[in-house]
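Below: run_38.tsv (TSV, C-alpha atoms and all ligand atoms)
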```
chain	number	residue	atom	x	y	z
A	240	MET	CA	114.53	109.48	120.80
A	241	PRO	CA	116.09	106.08	121.43
A	242	GLU	CA	119.04	105.07	119.23
A	243	PRO	CA	117.80	103.00	116.27
A	244	VAL	CA	118.43	99.25	116.43
A	245	ILE	CA	118.18	97.35	113.16
A	246	TYR	CA	118.50	93.59	112.71
A	247	HIS	CA	119.32	92.12	109.33
A	248	ILE	CA	118.33	88.47	109.19
A	249	ASP	CA	119.83	86.37	106.42
A	250	VAL	CA	119.27	82.63	105.94
A	251	ASN	CA	122.57	80.77	105.49
A	252	SER	CA	122.77	79.20	101.98
A	253	ALA	CA	119.01	79.53	101.93
A	254	PHE	CA	117.96	77.15	99.16
A	255	LEU	CA	120.33	74.47	100.29
A	256	SER	CA	119.45	74.86	103.97
A	257	TRP	CA	115.75	74.76	103.24
A	258	GLU	CA	116.13	71.60	101.17
A	259	ALA	CA	118.35	70.02	103.84
A	260	ALA	CA	115.89	70.83	106.61
A	261	PHE	CA	113.01	69.48	104.53
A	262	ARG	CA	114.79	66.17	103.86
A	263	LEU	CA	115.63	65.76	107.52
A	264	ARG	CA	112.03	66.38	108.49
A	265	MET	CA	110.89	63.73	106.02
A	266	ASP	CA	113.53	61.25	107.10
A	267	PRO	CA	115.51	62.07	110.25
A	268	SER	CA	118.05	59.36	109.44
A	269	SER	CA	118.92	60.86	106.04
A	270	GLU	CA	122.17	62.63	105.30
A	271	ASP	CA	122.33	66.36	106.11
A	272	LEU	CA	123.03	68.04	102.75
A	273	ARG	CA	124.77	70.88	104.56
A	274	LYS	CA	127.47	68.54	105.80
A	275	VAL	CA	128.44	67.04	102.41
A	276	PRO	CA	129.38	68.67	99.10
A	277	SER	CA	126.01	69.48	97.54
A	278	ILE	CA	124.71	71.92	94.98
A	279	ILE	CA	121.28	73.29	94.12
A	280	ALA	CA	121.57	73.31	90.36
A	281	GLY	CA	119.43	75.03	87.75
A	282	ASP	CA	119.09	71.95	85.61
A	283	PRO	CA	120.71	68.90	87.22
A	284	LYS	CA	119.53	66.37	84.63
A	285	SER	CA	121.11	67.91	81.59
A	286	ARG	CA	123.93	69.35	83.73
A	287	HIS	CA	123.41	72.67	82.01
A	288	GLY	CA	122.51	75.71	84.00
A	289	ILE	CA	124.27	77.24	86.95
A	290	VAL	CA	124.88	76.78	90.67
A	291	LEU	CA	122.09	78.46	92.62
A	292	ALA	CA	123.38	77.54	96.07
A	293	SER	CA	125.97	75.22	97.53
A	294	SER	CA	126.89	73.69	100.87
A	295	ILE	CA	129.89	74.89	102.86
A	296	PRO	CA	131.86	71.67	102.03
A	297	ALA	CA	131.25	72.38	98.31
A	298	LYS	CA	132.27	76.02	98.78
A	299	LYS	CA	135.49	74.87	100.44
A	300	MET	CA	136.29	72.98	97.25
A	301	GLY	CA	135.94	76.21	95.28
A	302	VAL	CA	132.34	76.03	94.08
A	303	VAL	CA	130.82	79.49	93.73
A	304	THR	CA	127.25	80.66	93.21
A	305	ALA	CA	126.26	81.32	89.57
A	306	GLU	CA	129.08	79.31	88.01
A	307	PRO	CA	128.18	76.72	85.33
A	308	ILE	CA	127.43	73.29	86.76
A	309	ALA	CA	130.06	71.65	84.54
A	310	SER	CA	132.77	73.85	86.01
A	311	ALA	CA	131.56	73.21	89.58
A	312	LEU	CA	131.68	69.46	88.97
A	313	LYS	CA	135.30	69.71	87.84
A	314	LYS	CA	136.19	71.13	91.24
A	315	CYS	CA	133.87	68.90	93.15
A	316	PRO	CA	133.10	65.72	91.14
A	317	ASP	CA	131.20	63.94	93.93
A	318	ALA	CA	128.82	66.80	94.67
A	319	LEU	CA	125.17	65.89	94.98
A	320	LEU	CA	123.12	67.84	92.44
A	321	ILE	CA	119.66	68.83	93.60
A	322	ALA	CA	116.91	70.44	91.54
A	323	PRO	CA	115.45	73.69	92.86
A	324	ASN	CA	112.10	73.54	94.63
A	325	TYR	CA	110.58	77.00	94.52
A	326	HIS	CA	107.45	76.05	96.44
A	327	LEU	CA	109.56	74.91	99.34
A	328	TYR	CA	111.51	78.18	99.26
A	329	ALA	CA	108.39	80.31	99.13
A	330	GLU	CA	106.92	78.40	102.08
A	331	ASN	CA	110.05	78.75	104.21
A	332	SER	CA	110.34	82.40	103.32
A	333	ARG	CA	106.78	82.94	104.47
A	334	LEU	CA	107.39	81.08	107.74
A	335	LEU	CA	110.48	83.15	108.44
A	336	MET	CA	108.77	86.48	107.77
A	337	GLU	CA	105.79	85.48	109.94
A	338	HIS	CA	108.12	84.50	112.72
A	339	LEU	CA	109.93	87.83	112.57
A	340	ARG	CA	106.64	89.73	112.59
A	341	LYS	CA	105.81	88.13	115.93
A	342	TYR	CA	108.62	90.16	117.51
A	343	ALA	CA	109.55	93.11	115.32
A	344	PRO	CA	107.34	96.21	115.02
A	345	THR	CA	108.51	96.58	111.39
A	346	VAL	CA	109.70	93.82	109.08
A	347	ASP	CA	111.01	94.90	105.73
A	348	GLN	CA	111.53	91.89	103.48
A	349	PHE	CA	114.55	92.47	101.25
A	350	SER	CA	114.67	89.23	99.30
A	351	ILE	CA	113.33	85.72	99.59
A	352	ASP	CA	115.65	84.91	102.49
A	353	GLU	CA	116.50	88.30	103.97
A	354	ALA	CA	114.70	90.90	106.02
A	355	PHE	CA	115.40	94.01	108.03
A	356	CYS	CA	113.68	94.31	111.40
A	357	ASP	CA	113.44	97.66	113.10
A	358	MET	CA	113.82	96.75	116.77
A	359	THR	CA	114.16	100.33	118.03
A	360	GLY	CA	112.69	100.72	121.49
A	361	THR	CA	111.98	97.03	122.02
A	362	GLU	CA	114.54	96.62	124.86
A	363	LEU	CA	111.66	97.20	127.24
A	364	LEU	CA	110.01	94.07	125.88
A	365	TYR	CA	112.97	91.83	125.16
A	366	GLY	CA	115.85	93.11	127.28
A	367	ASN	CA	119.32	93.43	125.79
A	368	LEU	CA	118.86	93.33	122.03
A	369	ILE	CA	122.15	91.55	121.31
A	370	ASP	CA	121.17	88.73	123.67
A	371	PHE	CA	117.73	88.69	122.13
A	372	ALA	CA	119.18	88.24	118.63
A	373	TYR	CA	120.83	85.01	119.81
A	374	LYS	CA	117.53	83.87	121.24
A	375	LEU	CA	115.72	84.69	117.98
A	376	LYS	CA	118.33	82.92	115.86
A	377	ASN	CA	118.14	79.78	118.00
A	378	GLU	CA	114.36	79.86	118.04
A	379	ILE	CA	114.28	79.97	114.22
A	380	TYR	CA	116.60	76.97	114.07
A	381	GLN	CA	114.54	75.02	116.58
A	382	SER	CA	111.26	75.84	114.85
A	383	TYR	CA	112.21	75.24	111.21
A	384	GLY	CA	115.59	73.50	111.15
A	385	PHE	CA	117.56	76.14	109.22
A	386	THR	CA	120.16	78.60	110.46
A	387	VAL	CA	120.38	82.35	109.98
A	388	ASN	CA	122.94	85.07	110.54
A	389	ILE	CA	121.77	88.21	112.30
A	390	GLY	CA	123.59	91.50	111.83
A	391	ILE	CA	122.85	94.31	114.30
A	392	SER	CA	123.47	98.02	113.94
A	393	THR	CA	121.86	101.44	113.80
A	394	ASN	CA	121.03	101.43	110.09
A	395	TYR	CA	120.20	99.00	107.26
A	396	LEU	CA	123.59	99.24	105.58
A	397	LEU	CA	125.63	98.41	108.67
A	398	ALA	CA	123.23	95.68	109.80
A	399	LYS	CA	123.47	94.02	106.39
A	400	MET	CA	127.25	94.31	106.32
A	401	ALA	CA	127.33	92.71	109.80
A	402	SER	CA	125.18	89.72	108.85
A	403	ASP	CA	127.66	88.99	106.07
A	404	PHE	CA	130.57	88.49	108.47
A	405	GLU	CA	131.46	84.93	109.44
A	406	LYS	CA	128.79	82.31	108.65
A	407	PRO	CA	126.79	80.22	109.48
A	408	ASN	CA	124.57	80.56	112.54
A	409	LYS	CA	126.16	83.73	113.92
A	410	VAL	CA	125.14	87.06	115.44
A	411	HIS	CA	127.42	90.01	114.66
A	412	THR	CA	127.25	93.67	115.58
A	413	LEU	CA	128.62	96.53	113.51
A	414	PHE	CA	127.83	99.67	115.46
A	415	PRO	CA	129.22	102.99	114.21
A	416	ASP	CA	132.09	102.86	116.73
A	417	GLU	CA	133.09	99.41	115.36
A	418	ILE	CA	133.33	100.47	111.71
A	419	GLN	CA	137.08	101.13	111.74
A	420	GLU	CA	137.91	97.86	113.40
A	421	LYS	CA	135.43	95.53	111.68
A	422	MET	CA	134.59	97.04	108.29
A	423	TRP	CA	137.53	99.13	107.15
A	424	PRO	CA	140.02	96.25	106.70
A	425	LEU	CA	137.72	94.52	104.16
A	426	PRO	CA	138.32	94.70	100.41
A	427	VAL	CA	136.27	97.42	98.78
A	428	GLU	CA	134.19	94.94	96.76
A	429	ASN	CA	132.73	93.66	100.03
A	430	LEU	CA	130.98	96.99	100.53
A	431	LEU	CA	127.30	96.77	99.77
A	432	PHE	CA	126.25	97.95	96.30
A	433	VAL	CA	129.84	98.27	95.09
A	434	GLY	CA	129.57	96.23	91.91
A	435	LYS	CA	132.35	94.86	89.78
A	436	SER	CA	132.64	97.90	87.54
A	437	THR	CA	132.66	100.38	90.45
A	438	ALA	CA	135.28	98.23	92.21
A	439	ALA	CA	137.45	98.23	89.07
A	440	SER	CA	137.25	102.05	88.85
A	441	LEU	CA	138.16	102.33	92.53
A	442	HIS	CA	141.17	100.03	92.10
A	443	ARG	CA	142.38	102.25	89.27
A	444	LEU	CA	142.35	105.13	91.77
A	445	GLY	CA	144.45	103.06	94.16
A	446	ILE	CA	141.51	102.35	96.46
A	447	HIS	CA	141.56	98.72	97.58
A	448	THR	CA	140.08	98.51	101.07
A	449	ILE	CA	136.96	100.06	102.56
A	450	LYS	CA	139.32	102.17	104.68
A	451	ASP	CA	141.02	103.50	101.52
A	452	LEU	CA	137.59	104.49	100.26
A	453	ALA	CA	136.39	106.01	103.54
A	454	THR	CA	139.51	108.14	103.92
A	455	SER	CA	139.78	109.31	100.32
A	456	SER	CA	138.51	112.66	99.16
A	457	PRO	CA	134.82	112.74	98.30
A	458	GLN	CA	135.58	115.36	95.62
A	459	LEU	CA	138.04	113.02	93.91
A	460	LEU	CA	135.49	110.22	94.02
A	461	SER	CA	132.67	112.27	92.56
A	462	SER	CA	134.90	113.62	89.82
A	463	HIS	CA	135.68	110.05	88.70
A	464	LEU	CA	132.51	108.21	89.65
A	465	LYS	CA	129.83	110.93	89.88
A	466	LYS	CA	126.96	110.20	92.27
A	467	GLN	CA	128.06	106.60	92.69
A	468	GLY	CA	131.41	107.79	94.09
A	469	GLN	CA	129.68	109.94	96.69
A	470	THR	CA	127.36	107.16	97.76
A	471	ALA	CA	130.25	104.68	98.00
A	472	TRP	CA	132.17	107.13	100.19
A	473	GLN	CA	129.18	107.58	102.49
A	474	TYR	CA	128.66	103.82	102.76
A	475	ALA	CA	132.34	103.29	103.57
A	476	ASN	CA	131.80	105.69	106.47
A	477	GLY	CA	128.66	103.89	107.57
A	478	ILE	CA	126.37	106.66	106.40
A	479	CYS	CA	123.24	105.49	104.66
A	480	ASP	CA	119.71	106.55	104.08
A	481	ASP	CA	117.62	103.45	104.76
A	482	THR	CA	115.18	104.45	102.06
A	483	HIS	CA	117.92	103.44	99.59
A	484	PHE	CA	116.92	99.92	100.41
A	485	THR	CA	113.22	100.36	100.05
A	486	ARG	CA	112.19	103.27	97.90
A	487	GLU	CA	114.93	103.57	95.35
A	488	ALA	CA	113.10	102.13	92.38
A	489	THR	CA	109.84	103.96	92.93
A	490	ASN	CA	111.75	107.22	93.02
A	491	LYS	CA	113.35	106.33	89.75
A	492	GLY	CA	109.94	105.70	88.26
A	493	TYR	CA	110.19	102.11	87.13
A	494	SER	CA	106.46	101.90	87.06
A	495	HIS	CA	103.88	102.52	84.45
A	496	SER	CA	100.13	102.85	84.52
A	497	THR	CA	97.34	103.42	82.11
A	498	THR	CA	93.79	104.65	82.47
A	499	LEU	CA	91.59	102.61	80.18
A	500	SER	CA	89.53	104.40	77.58
A	501	LYS	CA	86.71	101.90	78.12
A	502	ASP	CA	86.04	100.10	81.40
A	503	CYS	CA	87.35	96.60	81.08
A	504	THR	CA	85.98	93.41	82.56
A	505	ASP	CA	87.84	90.97	80.34
A	506	PRO	CA	90.86	89.49	82.18
A	507	ALA	CA	92.51	88.49	78.88
A	508	LEU	CA	92.35	92.07	77.63
A	509	ALA	CA	93.58	93.35	80.99
A	510	LYS	CA	96.59	91.05	80.67
A	511	GLU	CA	97.40	92.42	77.24
A	512	ILE	CA	97.44	95.86	78.78
A	513	LEU	CA	99.64	94.53	81.57
A	514	LEU	CA	102.04	93.20	78.96
A	515	SER	CA	102.37	96.58	77.33
A	516	LEU	CA	102.97	98.18	80.76
A	517	CYS	CA	105.61	95.54	81.54
A	518	GLU	CA	107.25	96.19	78.17
A	519	THR	CA	107.68	99.85	79.05
A	520	VAL	CA	108.96	99.15	82.55
A	521	GLY	CA	111.35	96.46	81.25
A	522	ALA	CA	112.71	98.68	78.51
A	523	ARG	CA	113.37	101.51	81.00
A	524	LEU	CA	115.15	99.15	83.36
A	525	ARG	CA	117.35	97.81	80.56
A	526	GLU	CA	118.12	101.29	79.35
A	527	ASP	CA	119.35	102.25	82.83
A	528	LYS	CA	121.05	98.87	83.32
A	529	MET	CA	118.96	98.26	86.43
A	530	LYS	CA	117.32	95.09	87.71
A	531	ILE	CA	114.43	94.80	90.14
A	532	SER	CA	113.26	92.12	92.53
A	533	VAL	CA	109.81	93.26	93.58
A	534	VAL	CA	106.82	93.58	91.25
A	535	SER	CA	103.48	95.07	92.20
A	536	VAL	CA	100.20	95.48	90.41
A	537	THR	CA	97.46	97.99	91.17
A	538	ILE	CA	93.92	97.76	89.86
A	539	LYS	CA	91.58	100.70	90.24
A	540	ASN	CA	87.92	100.04	89.55
A	541	THR	CA	85.22	102.37	88.35
A	542	ASP	CA	84.30	103.19	91.98
A	543	PHE	CA	87.87	104.47	92.33
A	544	GLU	CA	88.67	101.74	94.81
A	545	SER	CA	92.19	100.64	94.37
A	546	HIS	CA	93.69	97.24	95.15
A	547	SER	CA	97.39	96.45	95.08
A	548	LYS	CA	99.52	93.47	95.68
A	549	GLN	CA	103.23	92.92	95.47
A	550	THR	CA	105.61	90.00	95.50
A	551	SER	CA	109.35	89.43	95.76
A	552	LEU	CA	111.08	87.57	92.97
A	553	TYR	CA	113.69	84.92	93.62
A	554	SER	CA	116.24	87.06	91.90
A	555	HIS	CA	116.75	90.45	90.25
A	556	THR	CA	115.59	90.78	86.67
A	557	ASP	CA	115.07	93.21	83.82
A	558	VAL	CA	113.39	90.65	81.57
A	559	THR	CA	109.95	91.72	80.33
A	560	ASP	CA	108.61	88.18	80.27
A	561	GLU	CA	109.58	87.52	83.89
A	562	ILE	CA	108.05	90.78	85.09
A	563	TYR	CA	104.95	90.05	83.03
A	564	THR	CA	104.52	86.48	84.34
A	565	THR	CA	104.68	87.81	87.90
A	566	ALA	CA	102.31	90.67	87.12
A	567	CYS	CA	99.76	88.19	85.70
A	568	LYS	CA	99.88	86.07	88.84
A	569	LEU	CA	99.32	89.16	90.97
A	570	PHE	CA	96.49	90.25	88.71
A	571	ASP	CA	94.80	86.84	89.00
A	572	SER	CA	94.94	86.93	92.78
A	573	LEU	CA	93.64	90.51	92.92
A	574	TYR	CA	90.98	90.74	90.28
A	575	ASP	CA	87.39	90.50	91.57
A	576	GLY	CA	85.55	90.91	88.27
A	577	SER	CA	84.57	94.55	88.73
A	578	PRO	CA	85.10	96.93	85.81
A	579	ILE	CA	88.69	98.14	85.62
A	580	ARG	CA	89.44	101.82	85.20
A	581	LEU	CA	93.21	101.86	85.72
A	582	LEU	CA	96.06	99.36	85.71
A	583	CYS	CA	99.53	99.96	87.09
A	584	VAL	CA	102.68	97.84	87.16
A	585	SER	CA	105.42	99.05	89.45
A	586	THR	CA	108.68	97.57	90.53
A	587	SER	CA	111.08	98.13	93.38
A	588	LYS	CA	114.28	96.97	95.06
A	589	ALA	CA	116.24	98.02	92.02
A	590	THR	CA	119.95	97.45	91.85
A	591	ASP	CA	122.57	98.01	89.21
A	592	ASP	CA	124.56	95.07	90.44
A	593	SER	CA	122.89	91.72	89.95
A	594	ASN	CA	125.94	89.92	91.32
A	595	TYR	CA	125.28	90.50	94.96
A	596	GLN	CA	122.15	88.37	94.81
A	597	TYR	CA	122.27	84.98	93.25
A	598	ASP	CA	120.70	85.05	89.88
A	599	LEU	CA	118.15	82.34	89.87
A	600	PHE	CA	116.73	83.22	86.51
A	601	HIS	CA	120.13	82.98	84.97
A	602	SER	CA	119.20	79.82	83.17
A	603	GLU	CA	119.29	79.20	79.46
A	604	GLN	CA	115.69	80.32	79.27
A	605	HIS	CA	116.58	83.60	80.99
A	606	GLU	CA	119.45	84.19	78.60
A	607	LYS	CA	117.16	83.62	75.63
A	608	LEU	CA	114.65	86.08	77.03
A	609	GLU	CA	117.38	88.65	77.64
A	610	LYS	CA	118.52	88.33	74.04
A	611	LEU	CA	114.95	88.64	72.82
A	612	ASP	CA	114.47	91.82	74.86
A	613	SER	CA	117.64	93.41	73.59
A	614	ALA	CA	116.71	92.55	70.00
A	615	ILE	CA	113.28	94.13	70.52
A	616	ASP	CA	114.83	97.21	72.17
A	617	GLU	CA	117.19	97.62	69.23
A	618	VAL	CA	114.53	97.34	66.54
A	619	ARG	CA	112.34	99.80	68.44
A	620	SER	CA	115.13	102.32	68.88
A	621	LYS	CA	115.75	102.24	65.14
A	622	PHE	CA	112.25	101.95	63.74
A	623	GLY	CA	109.96	103.25	66.50
A	624	GLN	CA	107.79	101.80	69.26
A	625	ASP	CA	105.26	100.12	67.00
A	626	SER	CA	107.74	98.50	64.62
A	627	ILE	CA	107.72	95.24	66.52
A	628	GLN	CA	105.06	93.58	68.62
A	629	ARG	CA	104.90	90.51	70.73
A	630	ALA	CA	102.90	87.55	69.45
A	631	THR	CA	100.18	88.13	72.07
A	632	PHE	CA	99.40	91.47	70.47
A	633	LEU	CA	99.60	90.19	66.90
A	634	LYS	CA	97.15	87.35	67.47
A	635	LYS	CA	94.38	89.86	67.92
A	636	LYS	CA	94.90	91.53	64.56
B	1	MG	MG	121.12	84.26	102.48
```
Turn this file's structure into structure tokens for me.
Amino acid sequence: MPEPVIYHIDVNSAFLSWEAAFRLRMDPSSEDLRKVPSIIAGDPKSRHGIVLASSIPAKKMGVVTAEPIASALKKCPDALLIAPNYHLYAENSRLLMEHLRKYAPTVDQFSIDEAFCDMTGTELLYGNLIDFAYKLKNEIYQSYGFTVNIGISTNYLLAKMASDFEKPNKVHTLFPDEIQEKMWPLPVENLLFVGKSTAASLHRLGIHTIKDLATSSPQLLSSHLKKQGQTAWQYANGICDDTHFTREATNKGYSHSTTLSKDCTDPALAKEILLSLCETVGARLREDKMKISVVSVTIKNTDFESHSKQTSLYSHTDVTDEIYTTACKLFDSLYDGSPIRLLCVSTSKATDDSNYQYDLFHSEQHEKLEKLDSAIDEVRSKFGQDSIQRATFLKKK
């Protein structure tokens, strides 16, 4: 068996780079947004909302992702504010994934601007796989005008840690024999999936660097942090089951399906059923303090044929309405009019730390929806499942 080789490809400041590349394509004489302080802002007109992405010059002035726009403008008063353009992002994401599929036997999209490519055994085709990563990175830049970082290692965890080293437009390796030199000196919060609360617990135990974590006793960690402590210790030692990145949520059962008592051909009715499925999935996610970034819908018809489709969200969410809106879009693109026997909504790419991905939905609207969900959850926990219903359900009565 050849040693596994995994690439993790990550677009540098994706939303900003994609916008910059688009503007330069439209007008080659225009200013490159990446070279001046600029911010992709949730709601630039009202100056509410948060920073979704920022250029390196803006970052140098202290602007950070997810901070309120008003606070970013205090640090960086001359920053250009640019409204998000989701269609542009979706299009660039698609181009990137297609490009990767030309070369990689397996492409596992992780978010809108990130993917893992399993390159194991492809040396025969492409030669040295470190050299080839440089070629791939440059080819992406030449084809679409945006830069990526590529991290290379033997598993998903280490490849992703590697792509996060110095940016932009870089290739880094983090092979197991480089862990001590390249990964151990980093602060423990830089370790993948170590969220703020885990980091705080680790600091209380006197663990500050990844090396501290890797060399501490796994028994001590599990006694303070349970399963999470064990996983963190394994990650600090470069040990990781790649299915953590892909199958976690399905294993945890954040999906719900229902077999219909009568075959259904009415899309409006099907969507009401979808809403109730999304309610259940959303409530379970919120109960476990998890957020997901992939939604899929399965429709089984009366001939027992089943059709599924999934999509990645721009950000992690546990909001029923956001899961439902996505599920409806998937349903619309799947449904062929044949009688429905079973509907299923499932989610994946769950994480308990929404901070490591920028939170695009973290707008005022998102906050309102989060509050609505928690109010509904509370009423239901006190008075039972049927004590409160969404307006869509009530209209029918
Ligand atoms: Mg990125």
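All residues, whether protein, DNA or RNA, that have an atom at most 8 Å from ligand MG 1 (chain B) (counting all atoms listed in the file) are A:Asp249, A:Val250, A:Asn251, A:Ser252, A:Ala253, A:Asp352, A:Glu353, A:Val387.
From atom CA of Ile512 of chain A back to atom CA of Val558 of chain A, the distance works out to 17.0 Å.
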Spatial neighbours of Ser545 of chain A, max dist 10 Å, all atoms listed in the file, sep filter under 6 positions, as a ChimeraX atom specification:
/A:537-539,579-582
Nearest to Thr504 of chain A by atom-to-atom distance, counting only C-alpha atoms, from A:Val520, A:Asp575, A:Arg525, A:Gln467:
A:Asp575
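Counting from atom CA of His605 of chain A, the distance to atom CA of Lys568 of chain A is 18.6 Å.
Rounded to one decimal, atom CA of Ile279 of chain A and atom CA of Ser293 of chain A lie 6.1 Å from each other.
For the point (95.7, 93.2, 83.2) in file coordinates, the residues within 9 Å, using all atoms listed in the file, are Asp505, Pro506, Ala507, Leu508, Ala509, Lys510, Glu511, Ile512, Leu513, Leu514, Val536, Ile538, Ala566, Cys567, Phe570, Asp571, Tyr574, Ile579, Leu582 and Cys583 of chain A.
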Select from segment 321-384 of chain A every residue with an atom at most 9 Å from any atom of segment 401-418 of chain A, then for each give the shortest pair of atoms and their distance in Å to one decimal, using all atoms listed in the file, rows by chain and rising number, as CSV.
```
residue,atom,partner,partner_atom,distance
A:Ile369,CA,A:Thr412,CA,8.0
A:Ala372,CA,A:Val410,CA,6.9
A:Tyr373,CA,A:Val410,CA,6.5
A:Lys376,CA,A:Asn408,CA,7.5
A:Asn377,CA,A:Asn408,CA,8.5
A:Tyr380,CA,A:Asn408,CA,8.9
```
Residues within 9 Å of Leu335 of chain A, please, as a ChimeraX atom specification. Count all atoms listed in the file; anything in the same chain fewer than 4 positions from it doesn't count.
/A:330-331,339-340,352,379,383
Which residues are near Thr437 of chain A? Cut-off 12 Å, only C-alpha atoms, ignore same chain within fewer than 6 positions. Put them as number ranges by chain.
A: 427-431, 443-444, 446-447, 452, 460, 463-472, 591-592
Of the candidates A:Leu255, A:Leu320, A:Val534, A:Ala309, which shows the shortest atom-to-atom distance to Ser547 of chain A, using all atoms listed in the file?
A:Val534
List the neighbours of Leu396 of chain A out to 7 Å using only C-alpha atoms; skip same-chain residues closer than 3 positions along the sequence, and give me the result as number ranges by chain.
A: 399-400, 479
Give me the residues within 8 Å of Leu569 of chain A as an MDAnalysis selection string, counting all atoms listed in the file and dropping any in the same chain fewer than 5 places off.
chainID A and resid 535:536 548:550
Keeping only C-alpha atoms, write the selected residues to a file as a PDB file, keeping the file's coordinate frame.
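After the write, out_28.pdb holds the following:
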```pdb
ATOM      1  CA  SER A 535     103.480  95.070  92.200  1.00  0.00           C
ATOM      2  CA  VAL A 536     100.200  95.480  90.410  1.00  0.00           C
ATOM      3  CA  LYS A 548      99.520  93.470  95.680  1.00  0.00           C
ATOM      4  CA  GLN A 549     103.230  92.920  95.470  1.00  0.00           C
ATOM      5  CA  THR A 550     105.610  90.000  95.500  1.00  0.00           C
TER       6      THR A 550
END
```
In terms of the shortest atom-to-atom distance over only C-alpha atoms, which of A:Ala311, A:Ala343, A:Val303, A:Ala297 is closest to Thr361 of chain A?
A:Ala343
Spatial sel., origin (120.9, 102.8, 125.1), limit 12 Å, only C-alpha atoms, listed as an mmCIF file with C-alpha atoms, in the coordinates of the input:
```cif
data_model
loop_
_atom_site.group_PDB
_atom_site.id
_atom_site.type_symbol
_atom_site.label_atom_id
_atom_site.label_comp_id
_atom_site.auth_asym_id
_atom_site.auth_seq_id
_atom_site.Cartn_x
_atom_site.Cartn_y
_atom_site.Cartn_z
ATOM 1 C CA MET A 240 114.530 109.480 120.800
ATOM 2 C CA PRO A 241 116.090 106.080 121.430
ATOM 3 C CA GLU A 242 119.040 105.070 119.230
ATOM 4 C CA PRO A 243 117.800 103.000 116.270
ATOM 5 C CA VAL A 244 118.430 99.250 116.430
ATOM 6 C CA THR A 359 114.160 100.330 118.030
ATOM 7 C CA GLY A 360 112.690 100.720 121.490
ATOM 8 C CA THR A 361 111.980 97.030 122.020
ATOM 9 C CA GLU A 362 114.540 96.620 124.860
ATOM 10 C CA LEU A 363 111.660 97.200 127.240
ATOM 11 C CA GLY A 366 115.850 93.110 127.280
ATOM 12 C CA ASN A 367 119.320 93.430 125.790
ATOM 13 C CA LEU A 368 118.860 93.330 122.030
ATOM 14 C CA ILE A 369 122.150 91.550 121.310
ATOM 15 C CA THR A 393 121.860 101.440 113.800
#
```
To test the calculation: enclose all listed atoms of segment 317-331 of chain A in a box whose edges run along x, y and z, add 6 Å on each side, then state centre and edge lengths in Å to one decimal, as AutoDock Vina command-line options.
```
--center_x 119.1 --center_y 72.1 --center_z 97.9 --size_x 36.3 --size_y 28.4 --size_z 24.7
```
Using all atoms listed in the file for the distances, tell me which of A:Ala438, A:Val346, A:Leu312, A:Ile321 is nearest to Arg262 of chain A.
A:Ile321
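Comparing A:Asp542, A:Phe432, A:Thr304, A:Glu526 by their smallest distance to Ser620 of chain A, the closest is A:Glu526 (using only C-alpha atoms).
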